[in-house]
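Novice: What follows is data.csv; its format and atoms are CSV, N, CA and C atoms.
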```csv
chain,number,residue,atom,x,y,z
R,1,MET,N,17.4,-39.3,-21.4
R,1,MET,CA,17.4,-39.3,-20.0
R,1,MET,C,17.3,-37.8,-19.5
R,2,SER,N,16.5,-37.6,-18.6
R,2,SER,CA,16.3,-36.2,-18.1
R,2,SER,C,17.4,-35.9,-17.1
R,3,GLN,N,17.7,-34.6,-17.1
R,3,GLN,CA,18.8,-34.2,-16.2
R,3,GLN,C,18.2,-33.3,-15.1
R,4,SER,N,18.6,-33.6,-13.9
R,4,SER,CA,18.0,-32.8,-12.8
R,4,SER,C,19.0,-31.7,-12.4
R,5,TYR,N,18.5,-30.6,-11.9
R,5,TYR,CA,19.3,-29.5,-11.5
R,5,TYR,C,19.1,-29.3,-10.0
R,6,ASN,N,20.1,-28.9,-9.3
R,6,ASN,CA,20.0,-28.6,-7.9
R,6,ASN,C,19.6,-27.1,-7.8
R,7,ARG,N,18.4,-26.9,-7.5
R,7,ARG,CA,17.9,-25.5,-7.4
R,7,ARG,C,18.0,-24.9,-6.0
R,8,GLY,N,18.6,-25.6,-5.1
R,8,GLY,CA,18.8,-25.0,-3.8
R,8,GLY,C,17.6,-25.4,-2.9
R,9,THR,N,17.8,-25.0,-1.7
R,9,THR,CA,16.7,-25.2,-0.7
R,9,THR,C,15.6,-24.2,-0.8
R,10,VAL,N,14.4,-24.7,-0.9
R,10,VAL,CA,13.2,-23.8,-1.1
R,10,VAL,C,13.0,-23.0,0.2
R,11,GLU,N,13.3,-23.6,1.3
R,11,GLU,CA,13.1,-22.9,2.6
R,11,GLU,C,14.3,-22.0,3.0
R,12,ASP,N,15.1,-21.6,2.1
R,12,ASP,CA,16.2,-20.7,2.4
R,12,ASP,C,15.7,-19.3,2.7
R,13,PHE,N,15.3,-19.0,3.9
R,13,PHE,CA,14.7,-17.7,4.2
R,13,PHE,C,15.8,-16.6,4.4
R,14,GLY,N,17.1,-17.0,4.4
R,14,GLY,CA,18.1,-16.0,4.5
R,14,GLY,C,18.5,-15.3,3.2
R,15,ARG,N,17.8,-15.6,2.2
R,15,ARG,CA,18.1,-15.0,0.9
R,15,ARG,C,17.7,-13.6,0.8
R,16,TRP,N,16.8,-13.1,1.6
R,16,TRP,CA,16.3,-11.7,1.6
R,16,TRP,C,17.5,-10.8,1.9
R,17,ARG,N,18.5,-11.2,2.5
R,17,ARG,CA,19.7,-10.3,2.8
R,17,ARG,C,20.4,-10.0,1.5
R,18,GLU,N,20.2,-10.9,0.5
R,18,GLU,CA,20.9,-10.7,-0.8
R,18,GLU,C,20.2,-9.8,-1.8
R,19,PHE,N,18.9,-9.4,-1.4
R,19,PHE,CA,18.1,-8.6,-2.3
R,19,PHE,C,18.7,-7.2,-2.5
R,20,THR,N,18.7,-6.7,-3.7
R,20,THR,CA,19.1,-5.4,-4.0
R,20,THR,C,17.9,-4.4,-3.9
R,21,ALA,N,18.2,-3.1,-4.1
R,21,ALA,CA,17.1,-2.2,-4.0
R,21,ALA,C,16.0,-2.4,-5.1
R,22,GLY,N,16.4,-2.9,-6.2
R,22,GLY,CA,15.5,-3.2,-7.3
R,22,GLY,C,14.5,-4.3,-6.9
R,23,MET,N,15.0,-5.3,-6.2
R,23,MET,CA,14.1,-6.4,-5.8
R,23,MET,C,13.2,-5.9,-4.7
R,24,TRP,N,13.7,-5.1,-3.8
R,24,TRP,CA,12.8,-4.6,-2.8
R,24,TRP,C,11.7,-3.7,-3.4
R,25,ALA,N,12.1,-2.9,-4.4
R,25,ALA,CA,11.2,-2.0,-5.1
R,25,ALA,C,10.1,-2.9,-5.8
R,26,TRP,N,10.5,-4.0,-6.4
R,26,TRP,CA,9.5,-4.8,-7.1
R,26,TRP,C,8.6,-5.4,-6.0
R,27,ILE,N,9.1,-5.9,-4.9
R,27,ILE,CA,8.3,-6.6,-3.9
R,27,ILE,C,7.3,-5.5,-3.3
R,28,PHE,N,7.8,-4.3,-2.9
R,28,PHE,CA,6.9,-3.3,-2.4
R,28,PHE,C,5.9,-2.9,-3.4
R,29,HIS,N,6.2,-2.8,-4.6
R,29,HIS,CA,5.3,-2.3,-5.6
R,29,HIS,C,4.2,-3.3,-5.8
R,30,LYS,N,4.5,-4.6,-5.9
R,30,LYS,CA,3.5,-5.7,-6.0
R,30,LYS,C,2.6,-5.7,-4.7
R,31,PHE,N,3.3,-5.6,-3.5
R,31,PHE,CA,2.5,-5.6,-2.3
R,31,PHE,C,1.5,-4.5,-2.2
R,32,THR,N,2.0,-3.3,-2.5
R,32,THR,CA,1.1,-2.1,-2.4
R,32,THR,C,0.0,-2.2,-3.5
R,33,GLY,N,0.3,-2.7,-4.6
R,33,GLY,CA,-0.7,-2.9,-5.7
R,33,GLY,C,-1.8,-3.8,-5.2
R,34,TRP,N,-1.5,-5.0,-4.5
R,34,TRP,CA,-2.5,-5.9,-4.0
R,34,TRP,C,-3.2,-5.3,-2.9
R,35,VAL,N,-2.6,-4.5,-2.0
R,35,VAL,CA,-3.3,-3.8,-0.9
R,35,VAL,C,-4.3,-2.8,-1.5
R,36,LEU,N,-3.9,-2.1,-2.5
R,36,LEU,CA,-4.9,-1.2,-3.1
R,36,LEU,C,-6.1,-1.9,-3.8
R,37,VAL,N,-5.8,-3.0,-4.4
R,37,VAL,CA,-6.9,-3.8,-5.0
R,37,VAL,C,-7.8,-4.3,-3.9
R,38,GLY,N,-7.2,-4.8,-2.8
R,38,GLY,CA,-8.0,-5.3,-1.7
R,38,GLY,C,-8.9,-4.1,-1.1
R,39,TYR,N,-8.2,-3.0,-0.9
R,39,TYR,CA,-9.0,-1.8,-0.4
R,39,TYR,C,-10.1,-1.4,-1.3
R,40,LEU,N,-9.9,-1.5,-2.6
R,40,LEU,CA,-11.0,-1.1,-3.6
R,40,LEU,C,-12.2,-2.0,-3.4
R,41,PHE,N,-12.0,-3.3,-3.3
R,41,PHE,CA,-13.1,-4.2,-3.1
R,41,PHE,C,-13.8,-4.0,-1.7
R,42,THR,N,-13.0,-3.8,-0.7
R,42,THR,CA,-13.5,-3.5,0.6
R,42,THR,C,-14.3,-2.2,0.6
R,43,HIS,N,-13.8,-1.2,0.0
R,43,HIS,CA,-14.4,0.1,-0.1
R,43,HIS,C,-15.8,0.0,-0.8
R,44,ILE,N,-15.8,-0.7,-1.9
R,44,ILE,CA,-17.1,-0.9,-2.6
R,44,ILE,C,-18.1,-1.7,-1.8
R,45,ALA,N,-17.6,-2.8,-1.1
R,45,ALA,CA,-18.5,-3.6,-0.3
R,45,ALA,C,-19.1,-2.8,0.8
R,46,VAL,N,-18.3,-2.0,1.5
R,46,VAL,CA,-18.8,-1.3,2.7
R,46,VAL,C,-19.8,-0.2,2.2
R,47,LEU,N,-19.4,0.5,1.2
R,47,LEU,CA,-20.3,1.6,0.7
R,47,LEU,C,-21.5,1.1,0.0
R,48,SER,N,-21.5,0.0,-0.6
R,48,SER,CA,-22.7,-0.6,-1.3
R,48,SER,C,-23.7,-1.1,-0.3
R,49,THR,N,-23.2,-1.5,0.9
R,49,THR,CA,-24.2,-2.0,1.9
R,49,THR,C,-24.8,-0.8,2.6
R,50,SER,N,-24.2,0.4,2.5
R,50,SER,CA,-24.8,1.5,3.2
R,50,SER,C,-25.6,2.4,2.3
R,51,VAL,N,-25.8,2.0,1.1
R,51,VAL,CA,-26.7,2.8,0.2
R,51,VAL,C,-28.1,2.4,0.5
R,52,GLY,N,-28.9,3.4,0.6
R,52,GLY,CA,-30.3,3.1,0.9
R,52,GLY,C,-30.8,3.9,2.1
R,53,VAL,N,-31.9,3.7,2.5
R,53,VAL,CA,-32.5,4.4,3.7
R,53,VAL,C,-32.8,3.4,4.8
R,54,ASP,N,-32.3,3.7,5.9
R,54,ASP,CA,-32.6,2.9,7.1
R,54,ASP,C,-33.9,3.5,7.7
R,55,PRO,N,-34.9,2.7,7.9
R,55,PRO,CA,-36.2,3.2,8.4
R,55,PRO,C,-36.0,3.9,9.8
R,56,ALA,N,-35.2,3.3,10.6
R,56,ALA,CA,-35.0,3.9,12.0
R,56,ALA,C,-34.3,5.2,11.9
R,57,SER,N,-33.3,5.4,11.1
R,57,SER,CA,-32.6,6.6,11.1
R,57,SER,C,-33.3,7.6,10.1
R,58,ALA,N,-34.2,7.2,9.3
R,58,ALA,CA,-34.9,8.1,8.4
R,58,ALA,C,-35.8,9.1,9.1
R,59,GLN,N,-36.3,8.6,10.2
R,59,GLN,CA,-37.2,9.5,11.1
R,59,GLN,C,-36.3,10.5,11.8
R,60,ALA,N,-35.0,10.2,12.0
R,60,ALA,CA,-34.2,11.1,12.7
R,60,ALA,C,-33.6,12.2,11.8
R,61,GLY,N,-33.7,12.0,10.5
R,61,GLY,CA,-33.3,12.9,9.5
R,61,GLY,C,-31.9,12.6,8.9
R,62,SER,N,-31.3,11.4,9.2
R,62,SER,CA,-30.1,11.1,8.6
R,62,SER,C,-30.2,9.7,7.9
R,63,ASP,N,-29.5,9.5,6.8
R,63,ASP,CA,-29.7,8.3,6.1
R,63,ASP,C,-28.6,7.3,6.5
R,64,LEU,N,-28.6,6.1,6.0
R,64,LEU,CA,-27.7,5.0,6.4
R,64,LEU,C,-26.3,5.3,6.0
R,65,TYR,N,-26.2,5.9,4.8
R,65,TYR,CA,-24.8,6.2,4.3
R,65,TYR,C,-24.1,7.2,5.2
R,66,THR,N,-24.8,8.3,5.6
R,66,THR,CA,-24.1,9.3,6.5
R,66,THR,C,-23.8,8.7,7.9
R,67,SER,N,-24.7,7.9,8.4
R,67,SER,CA,-24.4,7.3,9.7
R,67,SER,C,-23.3,6.2,9.6
R,68,THR,N,-23.2,5.5,8.5
R,68,THR,CA,-22.1,4.6,8.3
R,68,THR,C,-20.8,5.3,8.3
R,69,LEU,N,-20.7,6.3,7.5
R,69,LEU,CA,-19.5,7.1,7.4
R,69,LEU,C,-19.1,7.8,8.7
R,70,SER,N,-20.0,8.3,9.4
R,70,SER,CA,-19.7,9.0,10.7
R,70,SER,C,-19.3,7.9,11.7
R,71,GLY,N,-19.9,6.8,11.6
R,71,GLY,CA,-19.5,5.7,12.6
R,71,GLY,C,-18.1,5.2,12.3
R,72,LEU,N,-17.7,5.1,11.0
R,72,LEU,CA,-16.4,4.6,10.7
R,72,LEU,C,-15.3,5.7,11.0
R,73,GLU,N,-15.7,6.9,10.8
R,73,GLU,CA,-14.7,8.0,11.1
R,73,GLU,C,-14.5,8.2,12.6
R,74,SER,N,-15.4,7.8,13.4
R,74,SER,CA,-15.2,7.9,14.8
R,74,SER,C,-14.3,6.9,15.4
R,75,LEU,N,-14.0,5.8,14.7
R,75,LEU,CA,-13.1,4.8,15.2
R,75,LEU,C,-11.6,5.2,15.0
R,76,LEU,N,-10.8,5.0,16.0
R,76,LEU,CA,-9.4,5.4,15.9
R,76,LEU,C,-8.6,4.5,15.0
R,77,ILE,N,-9.0,3.2,15.0
R,77,ILE,CA,-8.3,2.2,14.1
R,77,ILE,C,-8.5,2.5,12.7
R,78,VAL,N,-9.7,3.1,12.3
R,78,VAL,CA,-10.0,3.4,10.9
R,78,VAL,C,-9.1,4.6,10.5
R,79,ARG,N,-8.8,5.5,11.4
R,79,ARG,CA,-8.0,6.6,11.1
R,79,ARG,C,-6.5,6.2,10.9
R,80,PHE,N,-6.1,5.2,11.7
R,80,PHE,CA,-4.7,4.7,11.5
R,80,PHE,C,-4.7,3.9,10.2
R,81,LEU,N,-5.7,3.2,9.8
R,81,LEU,CA,-5.8,2.5,8.6
R,81,LEU,C,-5.8,3.5,7.4
R,82,GLU,N,-6.4,4.6,7.5
R,82,GLU,CA,-6.3,5.6,6.5
R,82,GLU,C,-4.9,6.2,6.3
R,83,VAL,N,-4.2,6.3,7.4
R,83,VAL,CA,-2.8,6.7,7.3
R,83,VAL,C,-2.0,5.7,6.5
R,84,GLY,N,-2.2,4.4,6.8
R,84,GLY,CA,-1.6,3.3,6.1
R,84,GLY,C,-2.0,3.3,4.7
R,85,LEU,N,-3.2,3.5,4.4
R,85,LEU,CA,-3.7,3.6,3.0
R,85,LEU,C,-3.0,4.7,2.2
R,86,LEU,N,-2.8,5.9,2.9
R,86,LEU,CA,-2.1,7.0,2.3
R,86,LEU,C,-0.6,6.6,2.0
R,87,ALA,N,0.0,5.9,2.9
R,87,ALA,CA,1.4,5.5,2.7
R,87,ALA,C,1.5,4.5,1.5
R,88,VAL,N,0.6,3.6,1.5
R,88,VAL,CA,0.6,2.6,0.4
R,88,VAL,C,0.3,3.3,-1.0
R,89,ALA,N,-0.6,4.2,-1.0
R,89,ALA,CA,-1.0,4.8,-2.3
R,89,ALA,C,0.2,5.7,-2.7
R,90,VAL,N,0.7,6.5,-1.8
R,90,VAL,CA,1.8,7.4,-2.2
R,90,VAL,C,3.0,6.7,-2.7
R,91,PHE,N,3.4,5.6,-2.0
R,91,PHE,CA,4.6,4.8,-2.4
R,91,PHE,C,4.3,4.2,-3.8
R,92,HIS,N,3.1,3.7,-4.0
R,92,HIS,CA,2.8,3.0,-5.3
R,92,HIS,C,2.8,4.0,-6.4
R,93,ILE,N,2.3,5.2,-6.2
R,93,ILE,CA,2.4,6.3,-7.2
R,93,ILE,C,3.8,6.7,-7.5
R,94,LEU,N,4.6,7.0,-6.4
R,94,LEU,CA,6.0,7.4,-6.6
R,94,LEU,C,6.8,6.4,-7.3
R,95,ASN,N,6.6,5.1,-6.9
R,95,ASN,CA,7.4,4.0,-7.5
R,95,ASN,C,7.0,3.8,-9.0
R,96,GLY,N,5.7,4.0,-9.2
R,96,GLY,CA,5.2,3.9,-10.6
R,96,GLY,C,5.8,5.0,-11.5
R,97,ILE,N,5.9,6.2,-10.9
R,97,ILE,CA,6.6,7.3,-11.7
R,97,ILE,C,8.1,6.9,-11.9
R,98,ARG,N,8.7,6.4,-10.9
R,98,ARG,CA,10.1,5.9,-11.0
R,98,ARG,C,10.2,4.9,-12.1
R,99,LEU,N,9.3,3.9,-12.2
R,99,LEU,CA,9.4,2.9,-13.2
R,99,LEU,C,9.1,3.5,-14.6
R,100,LEU,N,8.2,4.5,-14.7
R,100,LEU,CA,8.0,5.1,-16.0
R,100,LEU,C,9.3,5.8,-16.4
R,101,MET,N,9.9,6.5,-15.5
R,101,MET,CA,11.2,7.2,-15.9
R,101,MET,C,12.2,6.2,-16.4
R,102,VAL,N,12.3,5.0,-15.7
R,102,VAL,CA,13.3,4.0,-16.1
R,102,VAL,C,12.9,3.4,-17.4
R,103,ASP,N,11.7,3.2,-17.7
R,103,ASP,CA,11.2,2.7,-19.0
R,103,ASP,C,11.5,3.7,-20.1
R,104,LEU,N,11.5,5.0,-19.8
R,104,LEU,CA,11.8,6.0,-20.8
R,104,LEU,C,13.3,6.2,-20.9
R,105,GLY,N,14.1,5.6,-20.1
R,105,GLY,CA,15.5,5.7,-20.2
R,105,GLY,C,16.1,6.8,-19.4
R,106,VAL,N,15.3,7.4,-18.5
R,106,VAL,CA,15.8,8.5,-17.7
R,106,VAL,C,16.1,7.9,-16.3
R,107,GLY,N,17.4,8.2,-15.9
R,107,GLY,CA,17.8,7.8,-14.6
R,107,GLY,C,18.1,6.3,-14.5
R,108,LEU,N,18.6,5.7,-15.5
R,108,LEU,CA,18.9,4.3,-15.5
R,108,LEU,C,20.0,4.0,-14.5
R,109,GLU,N,21.0,4.9,-14.4
R,109,GLU,CA,22.1,4.7,-13.6
R,109,GLU,C,21.8,4.9,-12.1
R,110,SER,N,20.7,5.6,-11.8
R,110,SER,CA,20.5,5.9,-10.4
R,110,SER,C,19.1,5.3,-9.9
R,111,GLN,N,18.9,4.1,-10.3
R,111,GLN,CA,17.6,3.4,-9.9
R,111,GLN,C,17.5,3.2,-8.4
R,112,ASP,N,18.7,2.8,-7.8
R,112,ASP,CA,18.7,2.6,-6.3
R,112,ASP,C,18.4,3.9,-5.6
R,113,LYS,N,19.0,5.0,-6.1
R,113,LYS,CA,18.8,6.3,-5.4
R,113,LYS,C,17.4,6.8,-5.6
R,114,SER,N,16.8,6.6,-6.7
R,114,SER,CA,15.4,7.0,-6.9
R,114,SER,C,14.4,6.2,-6.1
R,115,PHE,N,14.8,4.9,-5.9
R,115,PHE,CA,13.9,4.0,-5.0
R,115,PHE,C,14.0,4.6,-3.6
R,116,TYR,N,15.2,4.8,-3.1
R,116,TYR,CA,15.3,5.3,-1.7
R,116,TYR,C,14.7,6.7,-1.6
R,117,ALA,N,14.8,7.5,-2.6
R,117,ALA,CA,14.1,8.8,-2.6
R,117,ALA,C,12.6,8.7,-2.5
R,118,SER,N,12.1,7.7,-3.3
R,118,SER,CA,10.6,7.5,-3.2
R,118,SER,C,10.2,7.0,-1.8
R,119,LEU,N,11.0,6.2,-1.2
R,119,LEU,CA,10.7,5.8,0.2
R,119,LEU,C,10.8,7.0,1.2
R,120,LEU,N,11.8,7.8,1.0
R,120,LEU,CA,11.9,9.0,1.9
R,120,LEU,C,10.8,10.0,1.7
R,121,LEU,N,10.4,10.2,0.4
R,121,LEU,CA,9.4,11.1,0.2
R,121,LEU,C,8.0,10.6,0.7
R,122,THR,N,7.8,9.3,0.5
R,122,THR,CA,6.6,8.7,1.1
R,122,THR,C,6.5,8.9,2.6
R,123,GLY,N,7.7,8.6,3.2
R,123,GLY,CA,7.7,8.8,4.7
R,123,GLY,C,7.4,10.2,5.1
R,124,ALA,N,8.0,11.2,4.4
R,124,ALA,CA,7.8,12.6,4.7
R,124,ALA,C,6.3,13.0,4.5
R,125,ILE,N,5.7,12.6,3.4
R,125,ILE,CA,4.3,12.9,3.2
R,125,ILE,C,3.4,12.3,4.2
R,126,VAL,N,3.7,11.1,4.6
R,126,VAL,CA,2.8,10.4,5.6
R,126,VAL,C,3.0,11.0,7.0
R,127,VAL,N,4.2,11.3,7.4
R,127,VAL,CA,4.4,11.9,8.7
R,127,VAL,C,3.8,13.3,8.7
R,128,ALA,N,3.9,14.1,7.6
R,128,ALA,CA,3.3,15.4,7.6
R,128,ALA,C,1.8,15.3,7.6
R,129,SER,N,1.2,14.2,7.1
R,129,SER,CA,-0.3,14.2,7.1
R,129,SER,C,-0.9,13.5,8.3
R,130,VAL,N,-0.1,12.9,9.2
R,130,VAL,CA,-0.7,12.3,10.4
R,130,VAL,C,-1.6,13.2,11.2
R,131,PRO,N,-1.2,14.4,11.5
R,131,PRO,CA,-2.1,15.3,12.2
R,131,PRO,C,-3.4,15.5,11.5
R,132,THR,N,-3.4,15.6,10.2
R,132,THR,CA,-4.7,15.8,9.5
R,132,THR,C,-5.6,14.6,9.6
R,133,PHE,N,-5.0,13.4,9.5
R,133,PHE,CA,-5.9,12.2,9.6
R,133,PHE,C,-6.3,11.9,11.0
R,134,LEU,N,-5.5,12.1,11.9
R,134,LEU,CA,-5.9,11.7,13.3
R,134,LEU,C,-6.7,12.8,14.0
R,135,GLY,N,-6.5,14.1,13.6
R,135,GLY,CA,-7.3,15.2,14.0
R,135,GLY,C,-7.5,15.3,15.5
R,136,GLY,N,-6.5,15.2,16.3
R,136,GLY,CA,-6.5,15.3,17.7
R,136,GLY,C,-7.2,14.2,18.4
R,137,LYS,N,-7.3,13.0,17.8
R,137,LYS,CA,-7.9,11.9,18.4
R,137,LYS,C,-7.0,11.1,19.3
R,138,LEU,N,-5.6,11.3,19.2
R,138,LEU,CA,-4.7,10.6,20.0
R,138,LEU,C,-4.6,11.1,21.4
R,139,LEU,N,-4.7,12.4,21.6
R,139,LEU,CA,-4.6,12.9,22.9
R,139,LEU,C,-5.8,12.9,23.7
```
Take the structure in the file and give it back as structure tokens.
Specialist:
Amino acid sequence: MSQSYNRGTVEDFGRWREFTAGMWAWIFHKFTGWVLVGYLFTHIAVLSTSVGVDPASAQAGSDLYTSTLSGLESLLIVRFLEVGLLAVAVFHILNGIRLLMVDLGVGLESQDKSFYASLLLTGAIVVASVPTFLGGKLL
């Protein structure tokens, strides 16, 4: 006879309060990894459609690739998305270095502190780079 186990309510959305820093690091690392993979495919799709020569812009002296990039760079939302991409990439890199150190046995006792440090360093790098990405487009 099979024995059934009470696994709790699947819809228990209050469990996120019980998560430790390690669980949040795992969730953020997986999320940022999937965002980077999605960006990679989007990046390839957009750039592959702009390779070639547009007959209308060829007479003006610019190709389709250059006009596509200049058109995307002129949009404010794209600049904000670039800042978000920087935040995702920096956190993923820093958390990956943290995981490498943990795997090597360095800093096993201070995993929570190193996770919070990677979050703070990501925030500092992103805030410091906002003027570069937005380039005076906000004002």
Novice: Write out as a list in words which residues come within 6 Å of segment 69-86 of chain R when counting all atoms listed in the file, dropping same-chain ones fewer than 4 positions away.
Specialist: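 Residues meeting the cut-off are Leu64, Tyr65, Val90, Phe91, Phe133 and Leu134 of chain R.
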Novice: In Å to one decimal, how far is atom N of Thr20 of chain R from atom N of Gly96 of chain R?
Specialist: 17.7 Å
Novice: Point out the residue among R:Leu119, R:Val106, R:Ala128, R:Ile44 with the least atom-to-atom distance to Leu94 of chain R, counting only C-alpha atoms.
Specialist: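 Looking only at the distances to Leu94 of chain R, the closest residue turns out to be R:Leu119.
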Novice: Which is closer to Ala25 of chain R than all the others in R:Gln3, R:Asn95, R:Val102, R:Ile125, using only C-alpha atoms?
Specialist: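 The closest residue to Ala25 of chain R is R:Asn95.
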Novice: Need to verify the contact set: Phe28 of chain R, 10 Å, only C-alpha atoms, exclusion of same-chain residues closer than 5 positions in sequence. Can you return it as a compact mmCIF listing (two decimals) with N, CA and C atoms, keeping the file's coordinate frame?
Specialist:
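Contents of selection_10.txt, freshly written:
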```txt
# COMPACT_ATOMS: atom_id res chain seq x y z
N GLY R 22 16.40 -2.90 -6.20
CA GLY R 22 15.50 -3.20 -7.30
C GLY R 22 14.50 -4.30 -6.90
N MET R 23 15.00 -5.30 -6.20
CA MET R 23 14.10 -6.40 -5.80
C MET R 23 13.20 -5.90 -4.70
N GLY R 33 0.30 -2.70 -4.60
CA GLY R 33 -0.70 -2.90 -5.70
C GLY R 33 -1.80 -3.80 -5.20
N TRP R 34 -1.50 -5.00 -4.50
CA TRP R 34 -2.50 -5.90 -4.00
C TRP R 34 -3.20 -5.30 -2.90
N VAL R 88 0.60 3.60 1.50
CA VAL R 88 0.60 2.60 0.40
C VAL R 88 0.30 3.30 -1.00
N PHE R 91 3.40 5.60 -2.00
CA PHE R 91 4.60 4.80 -2.40
C PHE R 91 4.30 4.20 -3.80
N HIS R 92 3.10 3.70 -4.00
CA HIS R 92 2.80 3.00 -5.30
C HIS R 92 2.80 4.00 -6.40
N ASN R 95 6.60 5.10 -6.90
CA ASN R 95 7.40 4.00 -7.50
C ASN R 95 7.00 3.80 -9.00
```
Novice: Among the residues of segment 27-129 of chain R, find those DSSP assigns to alpha helix (DSSP H) from the backbone and print them as a PyMOL selection string.
Specialist: chain R and resi 27-49+55-58+64-73+76-103+111-129
Novice: Pick from R:Val130, R:Met101, R:Ala21, R:Leu40: nearest to Phe115 of chain R, with all atoms listed in the file counted?
Specialist: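 Looking at the shortest contact to Phe115 of chain R, the residue is R:Ala21.
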Novice: When you count only C-alpha atoms, which of these residues is closest to Ala87 of chain R: R:Thr122, R:Ser110, R:Ser50, R:Thr132?
Specialist: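 Answer, going by the shortest atom-to-atom distance: R:Thr122.
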Novice: Could you tell me how far atom CA of Ile27 of chain R lies from atom CA of Ala124 of chain R, in Å and to one decimal?
Specialist: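 If I compute the distance from atom CA of Ile27 of chain R to atom CA of Ala124 of chain R, I get 21.0 Å.
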Novice: Expressed in Å to a single decimal, how great is the separation between atom C of Ile97 of chain R and atom C of Ser114 of chain R?
Specialist: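 According to the coordinates, atom C of Ile97 of chain R and atom C of Ser114 of chain R are separated by 8.6 Å.
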